[in-house]
Amino acid sequence: MGIEQLSDRLGENVLTTTLGKVVGWGRANSVWPAQFGLACCAIEGLMHTAGPGFDIGRFGSEAMRASPRQSDLMIVTGRVSQKMAPVLRQIYDQMPEPKWVISMGACASTGGVFNNYAILQGVDKIVPVDVYIPGCPPRPEDVLNALMILQEKIKAQGIKPRI
Amino acid sequence: MTARKLPSGVVAHGVIAGAEWISVPRERIRETLTDLKSQGYESYVFMTCVDHLATPTVEKPPERFELVYQLRNMKSLEELRVRVFVPEGDPWAPSAHDIYGPANWDERETWDMFGVRFEGHPDMTRILMPDDWVGHPLRRDFPVGGEVVDFSEDHEVWQTAPPEA
Amino acid sequence: MSDTKLEPTRSPGVTITRERDVGGDVLTVNFGPQHPSTHGVLRLVVDLDGEVIRRVKPVIGYLHTGIEKQMEALRWQQGVVVTDRHDYLSPPINNLAYALAVEQLMGLEAPPRAQGLRVIMSELTRIASHLIWLGSSGIELGAMGVFMYCLRDREKILDLNEEISGFRMHTSYIRPGGVTADATPRFLEMLDAFIKEMPSNVDEYEDLLTHNPIWMERTKGIGYLSAEDAIRLGATGPMIRGSGFPWDLRKDRPYSGFETYDWEVAVEPGCDCYARYLVRIKEMRESVKILRQALDRLPGGPVNVDDRKMLPPPREELDTSMEAVIHHFKLFTEGYSPPPGDVYVAVESGRGENGCYIVSDGTHKPRRVKFRAASFVNLQAVEHMALGHMVADMIAVIGTADTVLGDVDR
């Protein structure tokens with residue numbers, strides 16, 4: 001009696017999956033960015049994306065933590081100067097695993113308009129980058145698109161550790 | 001132009017693109033600025049340096065570095081530019097930070113970017129570049145830097161100093 | 001007085017040094033370059049006696065971009081793109097300073113329609129810049145809802161920017177010789193709708209903040225800067241107008257036709273953060289007034305100066321005129337060359353006096369371009385304004401100075 005009824009109902013209420021998928025789904029839908037606004041891209045990429053027009057809260061990311069120790073994602077929004085590069089590396093090191101980096105805008109990806117002595121020609125010279133967003137500055141929708149691509153990447157990673 | 005007494009020691013005087021300028025020798029810059037401030041030019045707009053290395057103009061400037069001070073009289077709304085020429089081999093000038101407060105950071109920036117030292121400044125250190133940076137970036141013989149762009153005509157310009165490019 | 005200095009930890013994020021001073025313990029705290037409330041990558045090394053600020057030393061340079069060197073390597077017309085990016089909250093105003101400087105050196109003046117469009121873009125940008133200031137000041141002092149309201153209205157301004165130039169933020173719309181392109185009819189309609197609804201939105205912000213007891217507690221009496229100190233320290237913009245001194249470059253040294261519009265300078269006698277807040281709110285209202293007048297009497301005509309040595313000929317002429325082809329070739333390979341000389345032009349941005357000093361040696365690239373940044377000078381006033389306050393008021397003081405680090409570091 002009991003077990004047959006239970007097993008019928010179990011079909012509706014129980015999902016079978018792998019641990020990796022569950023962990024990936026949980027991580028992907030609550031990516032907390034660190035507030036790392038450097039320059040113009042911060043206005044578009046952090047402020048406007050978190051604002052009412054292009055709400056990043058839909059994706060679970062409105063908790064932009066001030067402390068890197070509480071965040072998963074570093075969106076490098078803006079140009080990285082010679083003085084700022086060690087600070088950026090330090091903040092990246094202070095983030096606990098698992099962590100990801102989105103390089104937003106042309107300046108963070110490749111140095112952008114500024115091909116000179118003062119700007120690091122791409123933040124991937126010092127931190128590993130997962131998603132690059134071109135643009136100067138990119139629209140907030142581009143940032144949301146990058147976040148969605150990152151979410152796919154996170155789900156695919158599952159529980160495998162990153163070396 | 002109102003009848004205003006030019007400070008003593010002015011070497012040259014002129015008008016360019018509607019703006020009046022005077023040129024004073026380096027030793028008299030503090031007197032000139034104090035004199036102008038007492039005449040009503042209380043507002044300091046900016047101070048910067050221009051590097052005339054290998055300039056192609058017909059009238060060559062007397063020295064390589066030219067310090068430019070822009071002062072403004074807020075009551076009569078007049079502006080005046082003060083030029084000081086600083087030689088390349090002996091790049092120093094007296095500091096004006098106690099005459100005009102905002103000159104403090106402008107002088108640090110000029111030291112950082114051009115290598116012109118200001119005697120009497122309380123904190124003559126780099127302000128924009130890291131403290132261990134070598135070189136003075138805005139000098140014309142400091143290359144623009146950055147990455148070489150392959151197959152680009154401009155990459156020679158970027159990587160070599162402007163007079164040779 | 002024994003020297004019991006502990007070794008500071010060597011990390012750019014936090015440096016804490018304890019010294020035994022005569023007056024008690026002084027704690028040196030680092031408001032690091034990565035901080036949610038410093039309006040960009042500003043680093044402040046603050047000496048605290050308990051919670052009271054004894055000394056503030058700003059350390060800048062974390063966003064030094066080498067813009068001035070970059071412009072020496074680019075041609076005169078290419079430099080417009082780079083001017084957008086130093087004060088990144090008001091790009092058209094930066095463009096305007098550079099464009100006016102180059103035009104003054106070349107002895108040209110933009111046609112009346114271009115001047116009207118320049119005024120429209122300047123004022124829209126001023127409102128956008130003040131909205132970001134208001135939103136981030138609100139969110140730093142705890143009023144998070146204001147941020148959302150301000151961004152809602154800023155989205156409309158960015159839509160207007162996109163309509164007229166294709167870019168939301170760095171428009172590069174105002175160029176030496178005029179403006180990039182004429183305003184579309186849709187832009188004029190959108191602008192009309194924006195002007196009609198903006199005053200009631202400013203009323204909303206005032207409802208939220210002006211008589212709010214918490215806001216008044218946190219901003220009244222904080223960051224005192226008298227008018228004499230403001231002039232002595234070179235502060236401009238709302239920093240000096242909030243101290244009762246009515247200095248506004250649009251009235252005192254007008255440019256681009258600002259003298260023909262009917263508006264008032266926003267001045268408040270309070271000398272504190274609250275007064276500067278009232279000044280900026282009033283400036284938003286006055287900007288809407290200017291926009292109304294500029295839109296109503298926007299003249300017809302060309303939007304670019306008709307000088308073939310500066311701006312390229314229309315494409316149709318290239319079929320028939322050899323001279324047009326030569327001009328086109330010269331302009332796109334080499335670019336125009338202003339006569340040798342130097343000029344300084346200042347415009348009023350949301351922060352204060354934003355000026356451009358250019359030196360030309362007669363070639364197609366500048367010899368020196370210097371930006372007189374309002375935030376660079378206003379930040380020196382912050383050292384003075386924060387003394388004697390508590391640590392939490394440091395945030396209010398930085399917020400009221402409205403510094404943009406791109407402007408400070410260039």
# chains A, B, ... in the order shown; residues from 1 in each chain; ligands from 1

$ select_by_dssp --residues "segment 122-289 of chain C" --states "helix (DSSP H, G or I)" --output "tab-separated table (two decimals) with N, CA and C atoms, in the first residue's frame"
chain	number	residue	atom	x	y	z
C	122	SER	N	25.27	70.16	-23.44
C	122	SER	CA	25.92	70.52	-22.18
C	122	SER	C	24.96	70.42	-21.02
C	123	GLU	N	23.77	70.98	-21.21
C	123	GLU	CA	22.84	71.00	-20.08
C	123	GLU	C	22.29	69.62	-19.78
C	124	LEU	N	22.05	68.82	-20.83
C	124	LEU	CA	21.62	67.45	-20.57
C	124	LEU	C	22.68	66.69	-19.78
C	125	THR	N	23.94	66.94	-20.15
C	125	THR	CA	25.02	66.26	-19.45
C	125	THR	C	25.15	66.74	-18.01
C	126	ARG	N	24.90	68.02	-17.81
C	126	ARG	CA	24.98	68.53	-16.44
C	126	ARG	C	23.93	67.85	-15.58
C	127	ILE	N	22.72	67.70	-16.12
C	127	ILE	CA	21.67	67.02	-15.35
C	127	ILE	C	22.07	65.57	-15.11
C	128	ALA	N	22.62	64.91	-16.13
C	128	ALA	CA	23.00	63.51	-15.96
C	128	ALA	C	24.08	63.36	-14.91
C	129	SER	N	25.05	64.28	-14.92
C	129	SER	CA	26.14	64.22	-13.94
C	129	SER	C	25.62	64.44	-12.53
C	130	HIS	N	24.71	65.40	-12.37
C	130	HIS	CA	24.16	65.64	-11.03
C	130	HIS	C	23.30	64.49	-10.58
C	131	LEU	N	22.65	63.78	-11.53
C	131	LEU	CA	21.84	62.63	-11.12
C	131	LEU	C	22.72	61.52	-10.57
C	132	ILE	N	23.85	61.29	-11.22
C	132	ILE	CA	24.76	60.27	-10.68
C	132	ILE	C	25.27	60.71	-9.31
C	133	TRP	N	25.59	61.99	-9.19
C	133	TRP	CA	26.09	62.48	-7.90
C	133	TRP	C	25.03	62.25	-6.82
C	134	LEU	N	23.78	62.63	-7.15
C	134	LEU	CA	22.72	62.51	-6.15
C	134	LEU	C	22.48	61.06	-5.80
C	135	GLY	N	22.46	60.20	-6.83
C	135	GLY	CA	22.22	58.78	-6.56
C	135	GLY	C	23.31	58.17	-5.72
C	136	SER	N	24.58	58.46	-6.06
C	136	SER	CA	25.63	57.81	-5.28
C	136	SER	C	25.79	58.46	-3.91
C	137	SER	N	25.55	59.75	-3.79
C	137	SER	CA	25.57	60.35	-2.44
C	137	SER	C	24.49	59.74	-1.59
C	138	GLY	N	23.31	59.55	-2.22
C	138	GLY	CA	22.22	58.96	-1.45
C	138	GLY	C	22.57	57.56	-0.98
C	139	ILE	N	23.13	56.77	-1.89
C	139	ILE	CA	23.36	55.38	-1.53
C	139	ILE	C	24.50	55.28	-0.52
C	140	GLU	N	25.45	56.22	-0.56
C	140	GLU	CA	26.52	56.16	0.42
C	140	GLU	C	26.07	56.56	1.80
C	144	MET	N	19.02	54.45	-0.23
C	144	MET	CA	19.24	53.66	-1.42
C	144	MET	C	18.18	53.88	-2.48
C	145	GLY	N	16.98	54.28	-2.09
C	145	GLY	CA	15.93	54.44	-3.09
C	145	GLY	C	16.22	55.56	-4.07
C	146	VAL	N	16.93	56.61	-3.60
C	146	VAL	CA	17.21	57.76	-4.46
C	146	VAL	C	18.02	57.32	-5.68
C	147	PHE	N	18.92	56.38	-5.47
C	147	PHE	CA	19.77	55.88	-6.55
C	147	PHE	C	18.92	55.35	-7.70
C	148	MET	N	17.89	54.60	-7.37
C	148	MET	CA	17.07	53.99	-8.41
C	148	MET	C	16.29	55.06	-9.17
C	149	TYR	N	15.76	56.05	-8.44
C	149	TYR	CA	15.04	57.11	-9.11
C	149	TYR	C	15.94	57.89	-10.05
C	150	CYS	N	17.15	58.19	-9.58
C	150	CYS	CA	18.06	58.98	-10.42
C	150	CYS	C	18.47	58.21	-11.66
C	151	LEU	N	18.69	56.92	-11.51
C	151	LEU	CA	19.09	56.16	-12.69
C	151	LEU	C	17.94	56.04	-13.68
C	152	ARG	N	16.72	56.01	-13.19
C	152	ARG	CA	15.57	55.98	-14.10
C	152	ARG	C	15.60	57.20	-15.02
C	153	ASP	N	15.90	58.38	-14.44
C	153	ASP	CA	15.92	59.57	-15.29
C	153	ASP	C	17.18	59.65	-16.12
C	154	ARG	N	18.26	59.13	-15.59
C	154	ARG	CA	19.48	59.15	-16.39
C	154	ARG	C	19.37	58.25	-17.62
C	155	GLU	N	18.59	57.18	-17.49
C	155	GLU	CA	18.37	56.32	-18.66
C	155	GLU	C	17.74	57.13	-19.79
C	156	LYS	N	16.83	58.06	-19.43
C	156	LYS	CA	16.20	58.86	-20.48
C	156	LYS	C	17.22	59.76	-21.15
C	157	ILE	N	18.13	60.32	-20.36
C	157	ILE	CA	19.15	61.19	-20.96
C	157	ILE	C	20.08	60.36	-21.84
C	158	LEU	N	20.40	59.15	-21.40
C	158	LEU	CA	21.27	58.33	-22.23
C	158	LEU	C	20.56	57.92	-23.52
C	159	ASP	N	19.26	57.75	-23.46
C	159	ASP	CA	18.52	57.48	-24.69
C	159	ASP	C	18.59	58.67	-25.64
C	160	LEU	N	18.53	59.88	-25.07
C	160	LEU	CA	18.66	61.07	-25.91
C	160	LEU	C	20.06	61.13	-26.54
C	161	ASN	N	21.08	60.82	-25.74
C	161	ASN	CA	22.44	60.79	-26.27
C	161	ASN	C	22.55	59.82	-27.42
C	162	GLU	N	21.91	58.66	-27.22
C	162	GLU	CA	22.02	57.64	-28.24
C	162	GLU	C	21.31	58.06	-29.51
C	163	GLU	N	20.21	58.79	-29.33
C	163	GLU	CA	19.45	59.21	-30.50
C	163	GLU	C	20.25	60.19	-31.34
C	164	ILE	N	20.98	61.08	-30.66
C	164	ILE	CA	21.64	62.13	-31.44
C	164	ILE	C	23.01	61.72	-31.92
C	165	SER	N	23.69	60.80	-31.23
C	165	SER	CA	25.06	60.51	-31.63
C	165	SER	C	25.33	59.03	-31.80
C	185	PRO	N	14.43	64.67	-35.93
C	185	PRO	CA	13.14	65.12	-35.38
C	185	PRO	C	12.72	64.33	-34.16
C	186	ARG	N	13.11	63.02	-34.15
C	186	ARG	CA	12.75	62.19	-32.99
C	186	ARG	C	13.48	62.67	-31.74
C	187	PHE	N	14.72	63.14	-31.93
C	187	PHE	CA	15.46	63.68	-30.79
C	187	PHE	C	14.74	64.87	-30.21
C	188	LEU	N	14.27	65.77	-31.09
C	188	LEU	CA	13.62	66.98	-30.59
C	188	LEU	C	12.32	66.64	-29.86
C	189	GLU	N	11.61	65.62	-30.35
C	189	GLU	CA	10.39	65.20	-29.62
C	189	GLU	C	10.73	64.62	-28.26
C	190	MET	N	11.74	63.75	-28.24
C	190	MET	CA	12.12	63.11	-26.98
C	190	MET	C	12.59	64.16	-25.97
C	191	LEU	N	13.32	65.15	-26.49
C	191	LEU	CA	13.82	66.21	-25.62
C	191	LEU	C	12.65	67.01	-25.04
C	192	ASP	N	11.66	67.28	-25.88
C	192	ASP	CA	10.49	68.02	-25.42
C	192	ASP	C	9.77	67.27	-24.30
C	193	ALA	N	9.62	65.95	-24.51
C	193	ALA	CA	8.95	65.15	-23.47
C	193	ALA	C	9.77	65.13	-22.19
C	194	PHE	N	11.09	65.04	-22.34
C	194	PHE	CA	11.96	65.01	-21.17
C	194	PHE	C	11.86	66.31	-20.38
C	195	ILE	N	11.87	67.44	-21.11
C	195	ILE	CA	11.82	68.73	-20.42
C	195	ILE	C	10.51	68.89	-19.68
C	196	LYS	N	9.43	68.33	-20.25
C	196	LYS	CA	8.14	68.52	-19.58
C	196	LYS	C	8.08	67.73	-18.29
C	197	GLU	N	8.73	66.56	-18.23
C	197	GLU	CA	8.53	65.75	-17.03
C	197	GLU	C	9.65	65.89	-16.02
C	198	MET	N	10.77	66.48	-16.39
C	198	MET	CA	11.89	66.55	-15.45
C	198	MET	C	11.62	67.36	-14.19
C	199	PRO	N	10.97	68.54	-14.26
C	199	PRO	CA	10.76	69.29	-13.01
C	199	PRO	C	10.01	68.49	-11.95
C	200	SER	N	9.04	67.69	-12.36
C	200	SER	CA	8.33	66.91	-11.33
C	200	SER	C	9.22	65.81	-10.77
C	201	ASN	N	10.16	65.30	-11.56
C	201	ASN	CA	11.10	64.32	-11.02
C	201	ASN	C	12.03	64.96	-10.01
C	202	VAL	N	12.47	66.19	-10.28
C	202	VAL	CA	13.33	66.87	-9.30
C	202	VAL	C	12.53	67.12	-8.03
C	203	ASP	N	11.23	67.41	-8.18
C	203	ASP	CA	10.38	67.55	-6.99
C	203	ASP	C	10.37	66.26	-6.19
C	204	GLU	N	10.39	65.12	-6.88
C	204	GLU	CA	10.41	63.83	-6.17
C	204	GLU	C	11.66	63.68	-5.33
C	205	TYR	N	12.81	64.05	-5.91
C	205	TYR	CA	14.05	63.92	-5.14
C	205	TYR	C	14.03	64.85	-3.94
C	206	GLU	N	13.49	66.04	-4.15
C	206	GLU	CA	13.43	66.97	-3.02
C	206	GLU	C	12.50	66.45	-1.94
C	207	ASP	N	11.39	65.83	-2.36
C	207	ASP	CA	10.48	65.24	-1.38
C	207	ASP	C	11.19	64.20	-0.54
C	208	LEU	N	12.08	63.43	-1.20
C	208	LEU	CA	12.74	62.36	-0.47
C	208	LEU	C	13.80	62.89	0.48
C	209	LEU	N	14.50	63.95	0.09
C	209	LEU	CA	15.72	64.28	0.82
C	209	LEU	C	15.75	65.64	1.52
C	213	PRO	N	14.92	64.28	8.00
C	213	PRO	CA	15.77	64.55	9.19
C	213	PRO	C	17.11	63.83	9.16
C	214	ILE	N	17.12	62.59	8.62
C	214	ILE	CA	18.38	61.86	8.59
C	214	ILE	C	19.35	62.53	7.62
C	215	TRP	N	18.85	62.92	6.46
C	215	TRP	CA	19.69	63.58	5.47
C	215	TRP	C	20.26	64.88	6.03
C	216	MET	N	19.39	65.64	6.71
C	216	MET	CA	19.85	66.91	7.25
C	216	MET	C	20.89	66.70	8.34
C	217	GLU	N	20.69	65.68	9.19
C	217	GLU	CA	21.68	65.38	10.22
C	217	GLU	C	23.02	65.03	9.63
C	218	ARG	N	23.00	64.31	8.51
C	218	ARG	CA	24.25	63.84	7.97
C	218	ARG	C	24.95	64.84	7.09
C	219	THR	N	24.25	65.88	6.65
C	219	THR	CA	24.91	66.83	5.75
C	219	THR	C	24.99	68.24	6.29
C	227	ALA	N	33.83	80.96	1.86
C	227	ALA	CA	34.07	81.47	0.51
C	227	ALA	C	35.54	81.87	0.33
C	228	GLU	N	36.14	82.44	1.38
C	228	GLU	CA	37.57	82.82	1.25
C	228	GLU	C	38.44	81.60	1.07
C	229	ASP	N	38.13	80.55	1.83
C	229	ASP	CA	38.91	79.33	1.68
C	229	ASP	C	38.70	78.72	0.31
C	230	ALA	N	37.48	78.81	-0.20
C	230	ALA	CA	37.22	78.23	-1.50
C	230	ALA	C	38.02	78.94	-2.58
C	231	ILE	N	38.09	80.27	-2.50
C	231	ILE	CA	38.87	81.01	-3.50
C	231	ILE	C	40.36	80.71	-3.31
C	232	ARG	N	40.79	80.65	-2.04
C	232	ARG	CA	42.21	80.41	-1.78
C	232	ARG	C	42.62	79.02	-2.25
C	233	LEU	N	41.73	78.05	-2.09
C	233	LEU	CA	42.07	76.69	-2.50
C	233	LEU	C	41.73	76.42	-3.96
C	238	PRO	N	29.96	73.83	-7.71
C	238	PRO	CA	29.09	73.86	-6.53
C	238	PRO	C	29.88	74.02	-5.23
C	239	MET	N	31.16	73.69	-5.22
C	239	MET	CA	31.95	73.87	-3.99
C	239	MET	C	32.00	75.33	-3.62
C	240	ILE	N	32.13	76.23	-4.61
C	240	ILE	CA	32.22	77.64	-4.28
C	240	ILE	C	30.85	78.28	-4.27
C	241	ARG	N	29.92	77.77	-5.09
C	241	ARG	CA	28.59	78.36	-5.08
C	241	ARG	C	27.83	77.97	-3.82
C	249	LEU	N	31.02	80.01	-14.64
C	249	LEU	CA	31.66	80.43	-15.89
C	249	LEU	C	30.65	80.71	-16.98
C	250	ARG	N	29.46	80.11	-16.88
C	250	ARG	CA	28.48	80.36	-17.92
C	250	ARG	C	27.96	81.79	-17.86
C	251	LYS	N	28.03	82.39	-16.65
C	251	LYS	CA	27.61	83.79	-16.54
C	251	LYS	C	28.80	84.73	-16.62
C	252	ASP	N	29.91	84.35	-15.98
C	252	ASP	CA	31.01	85.30	-15.84
C	252	ASP	C	31.92	85.33	-17.05
C	258	PHE	N	25.72	81.21	-24.03
C	258	PHE	CA	25.03	81.11	-22.75
C	258	PHE	C	24.53	82.45	-22.25
C	259	GLU	N	25.13	83.55	-22.74
C	259	GLU	CA	24.70	84.85	-22.23
C	259	GLU	C	23.32	85.23	-22.76
C	260	THR	N	22.85	84.52	-23.79
C	260	THR	CA	21.56	84.89	-24.37
C	260	THR	C	20.39	84.18	-23.73
C	273	CYS	N	27.70	70.67	3.37
C	273	CYS	CA	27.27	69.69	2.37
C	273	CYS	C	25.82	69.88	1.97
C	274	TYR	N	25.02	70.29	2.94
C	274	TYR	CA	23.60	70.49	2.65
C	274	TYR	C	23.41	71.62	1.65
C	275	ALA	N	24.20	72.68	1.81
C	275	ALA	CA	24.09	73.80	0.88
C	275	ALA	C	24.49	73.37	-0.52
C	276	ARG	N	25.53	72.56	-0.63
C	276	ARG	CA	25.95	72.11	-1.96
C	276	ARG	C	24.92	71.18	-2.58
C	277	TYR	N	24.23	70.42	-1.74
C	277	TYR	CA	23.14	69.59	-2.26
C	277	TYR	C	22.04	70.48	-2.84
C	278	LEU	N	21.68	71.55	-2.10
C	278	LEU	CA	20.63	72.45	-2.60
C	278	LEU	C	21.09	73.13	-3.89
C	279	VAL	N	22.38	73.47	-3.95
C	279	VAL	CA	22.88	74.11	-5.17
C	279	VAL	C	22.72	73.19	-6.36
C	280	ARG	N	23.07	71.93	-6.19
C	280	ARG	CA	22.99	71.02	-7.33
C	280	ARG	C	21.55	70.75	-7.74
C	281	ILE	N	20.65	70.68	-6.77
C	281	ILE	CA	19.23	70.49	-7.12
C	281	ILE	C	18.76	71.70	-7.93
C	282	LYS	N	19.14	72.88	-7.46
C	282	LYS	CA	18.69	74.08	-8.17
C	282	LYS	C	19.31	74.14	-9.56
C	283	GLU	N	20.56	73.67	-9.68
C	283	GLU	CA	21.20	73.68	-10.99
C	283	GLU	C	20.47	72.76	-11.95
C	284	MET	N	19.93	71.67	-11.45
C	284	MET	CA	19.17	70.79	-12.33
C	284	MET	C	17.95	71.52	-12.84
C	285	ARG	N	17.28	72.26	-11.96
C	285	ARG	CA	16.09	72.98	-12.41
C	285	ARG	C	16.46	74.07	-13.42
C	286	GLU	N	17.57	74.77	-13.15
C	286	GLU	CA	17.96	75.83	-14.08
C	286	GLU	C	18.36	75.24	-15.42
C	287	SER	N	18.98	74.06	-15.40
C	287	SER	CA	19.35	73.42	-16.66
C	287	SER	C	18.12	73.09	-17.48
C	288	VAL	N	17.05	72.68	-16.81
C	288	VAL	CA	15.81	72.39	-17.55
C	288	VAL	C	15.28	73.66	-18.18
C	289	LYS	N	15.40	74.77	-17.44
C	289	LYS	CA	14.95	76.06	-18.02
C	289	LYS	C	15.75	76.40	-19.27

$ interface_residues --of "chain B" --to "chain C" --cutoff "7 Å" --atoms "only C-alpha atoms" --output "PyMOL selection string"
chain B and resi 16-17+43-44+46+50+55-57+101-102+127-129+138+144

$ closest_residue --among "B:Glu42, B:Asp51, B:Asp131, B:Glu107" --to "Ala93 of chain B" --atoms "only C-alpha atoms"
B:Glu107

$ interface_residues --of "chain B" --to "chain A" --cutoff "10 Å" --atoms "only C-alpha atoms" --output "compact mmCIF listing (two decimals) with N, CA and C atoms, in the first residue's frame"
# COMPACT_ATOMS: atom_id res chain seq x y z
N LEU B 128 51.32 60.94 -9.86
CA LEU B 128 50.46 60.15 -10.75
C LEU B 128 51.08 58.80 -11.08
N MET B 129 52.40 58.74 -11.21
CA MET B 129 53.03 57.47 -11.53
C MET B 129 53.40 56.76 -10.23
N PRO B 130 53.65 55.44 -10.29
CA PRO B 130 54.10 54.75 -9.07
C PRO B 130 55.42 55.33 -8.59
N ASP B 131 55.68 55.17 -7.29
CA ASP B 131 56.85 55.82 -6.71
C ASP B 131 58.16 55.32 -7.29
N TRP B 133 58.75 54.52 -10.44
CA TRP B 133 58.78 54.68 -11.90
C TRP B 133 60.03 55.44 -12.29
N PRO B 137 57.26 60.89 -18.01
CA PRO B 137 56.50 60.49 -19.18
C PRO B 137 56.14 61.58 -20.18
N PHE B 142 60.35 60.78 -24.27
CA PHE B 142 59.85 59.57 -23.64
C PHE B 142 58.83 58.98 -24.58
N PRO B 143 59.01 57.73 -25.05
CA PRO B 143 58.07 57.21 -26.04
C PRO B 143 56.67 57.02 -25.45
N VAL B 144 55.70 57.02 -26.33
CA VAL B 144 54.31 56.88 -25.87
C VAL B 144 54.10 55.52 -25.20
N GLY B 145 54.79 54.51 -25.66
CA GLY B 145 54.72 53.22 -24.98
C GLY B 145 53.57 52.38 -25.47
N GLY B 146 53.13 51.45 -24.65
CA GLY B 146 52.03 50.58 -25.03
C GLY B 146 52.52 49.42 -25.87
N GLU B 147 51.60 48.82 -26.58
CA GLU B 147 51.94 47.64 -27.36
C GLU B 147 52.18 47.99 -28.80
N VAL B 148 53.11 47.32 -29.41
CA VAL B 148 53.35 47.52 -30.83
C VAL B 148 52.21 46.87 -31.61
N VAL B 149 51.64 47.62 -32.53
CA VAL B 149 50.55 47.07 -33.35
C VAL B 149 51.17 46.58 -34.64
N TRP B 158 54.77 55.19 -32.13
CA TRP B 158 54.50 54.89 -30.73
C TRP B 158 55.75 54.51 -29.96
N GLN B 159 56.63 53.76 -30.61
CA GLN B 159 57.71 53.17 -29.84
C GLN B 159 58.98 53.98 -29.84

$ atom_distance --atom1 "atom CA of Val68 of chain B" --atom2 "atom CA of Met47 of chain B"
5.5 Å

$ interface_residues --of "chain A" --to "chain C" --cutoff "9 Å" --atoms "only C-alpha atoms" --output "PyMOL selection string"
chain A and resi 35-40+42-44+47-48+50-53+65-67+79-88+90-91+113-119+136-137+139

$ select_by_dssp --residues "segment 286-407 of chain C" --states "strand (DSSP E)" --output "list in words"
Gly341, Asp342, Val343, Tyr344, Val345, Ala346, Val347, Glu348, Glu353, Asn354, Gly355, Cys356, Tyr357, Ile358, Val359, Ser360, Arg368, Val369, Lys370, Phe371 and Arg372 of chain C

$ atom_distance --atom1 "atom CA of Arg64 of chain B" --atom2 "atom CA of His52 of chain B"
5.0 Å

$ atom_distance --atom1 "atom CA of Ala63 of chain A" --atom2 "atom CA of Val45 of chain C"
27.6 Å

$ closest_residue --among "B:Arg30, B:Arg140, B:Gly135, B:Met124" --to "Phe65 of chain B" --atoms "only C-alpha atoms"
B:Arg140

$ residues_around --residues "Pro269 of chain C" --least-positions-apart "3" --cutoff "8 Å" --atoms "only C-alpha atoms" --output "number ranges by chain"
C: 242-245, 275

$ closest_residue --among "B:Arg81, B:Lys60, B:Lys75, B:Lys37" --to "Trp21 of chain B" --atoms "only C-alpha atoms"
B:Arg81

$ closest_residue --among "A:Cys41, A:Val14, A:Ile149, A:Ala34" --to "Met104 of chain A" --atoms "only C-alpha atoms"
A:Cys41

$ residues_around --residues "Arg69 of chain A" --least-positions-apart "2" --cutoff "8 Å" --atoms "only C-alpha atoms" --output "PDB file with N, CA and C atoms, in the first residue's frame"
ATOM      1  N   SER A  67      33.349  43.932   0.005  1.00  0.00           N
ATOM      2  CA  SER A  67      34.553  43.203   0.363  1.00  0.00           C
ATOM      3  C   SER A  67      34.793  42.066  -0.613  1.00  0.00           C
ATOM      4  N   SER A  71      32.720  37.852  -2.253  1.00  0.00           N
ATOM      5  CA  SER A  71      32.178  37.909  -3.613  1.00  0.00           C
ATOM      6  C   SER A  71      32.768  36.791  -4.458  1.00  0.00           C
ATOM      7  N   GLN A  94      42.460  38.028  -2.859  1.00  0.00           N
ATOM      8  CA  GLN A  94      41.658  37.996  -1.640  1.00  0.00           C
ATOM      9  C   GLN A  94      40.309  37.327  -1.837  1.00  0.00           C
ATOM     10  N   MET A  95      39.909  37.114  -3.084  1.00  0.00           N
ATOM     11  CA  MET A  95      38.618  36.472  -3.308  1.00  0.00           C
ATOM     12  C   MET A  95      38.758  34.976  -3.087  1.00  0.00           C
ATOM     13  N   PRO A  96      37.792  34.340  -2.395  1.00  0.00           N
ATOM     14  CA  PRO A  96      37.907  32.898  -2.202  1.00  0.00           C
ATOM     15  C   PRO A  96      37.431  32.153  -3.445  1.00  0.00           C
TER      16      PRO A  96
END
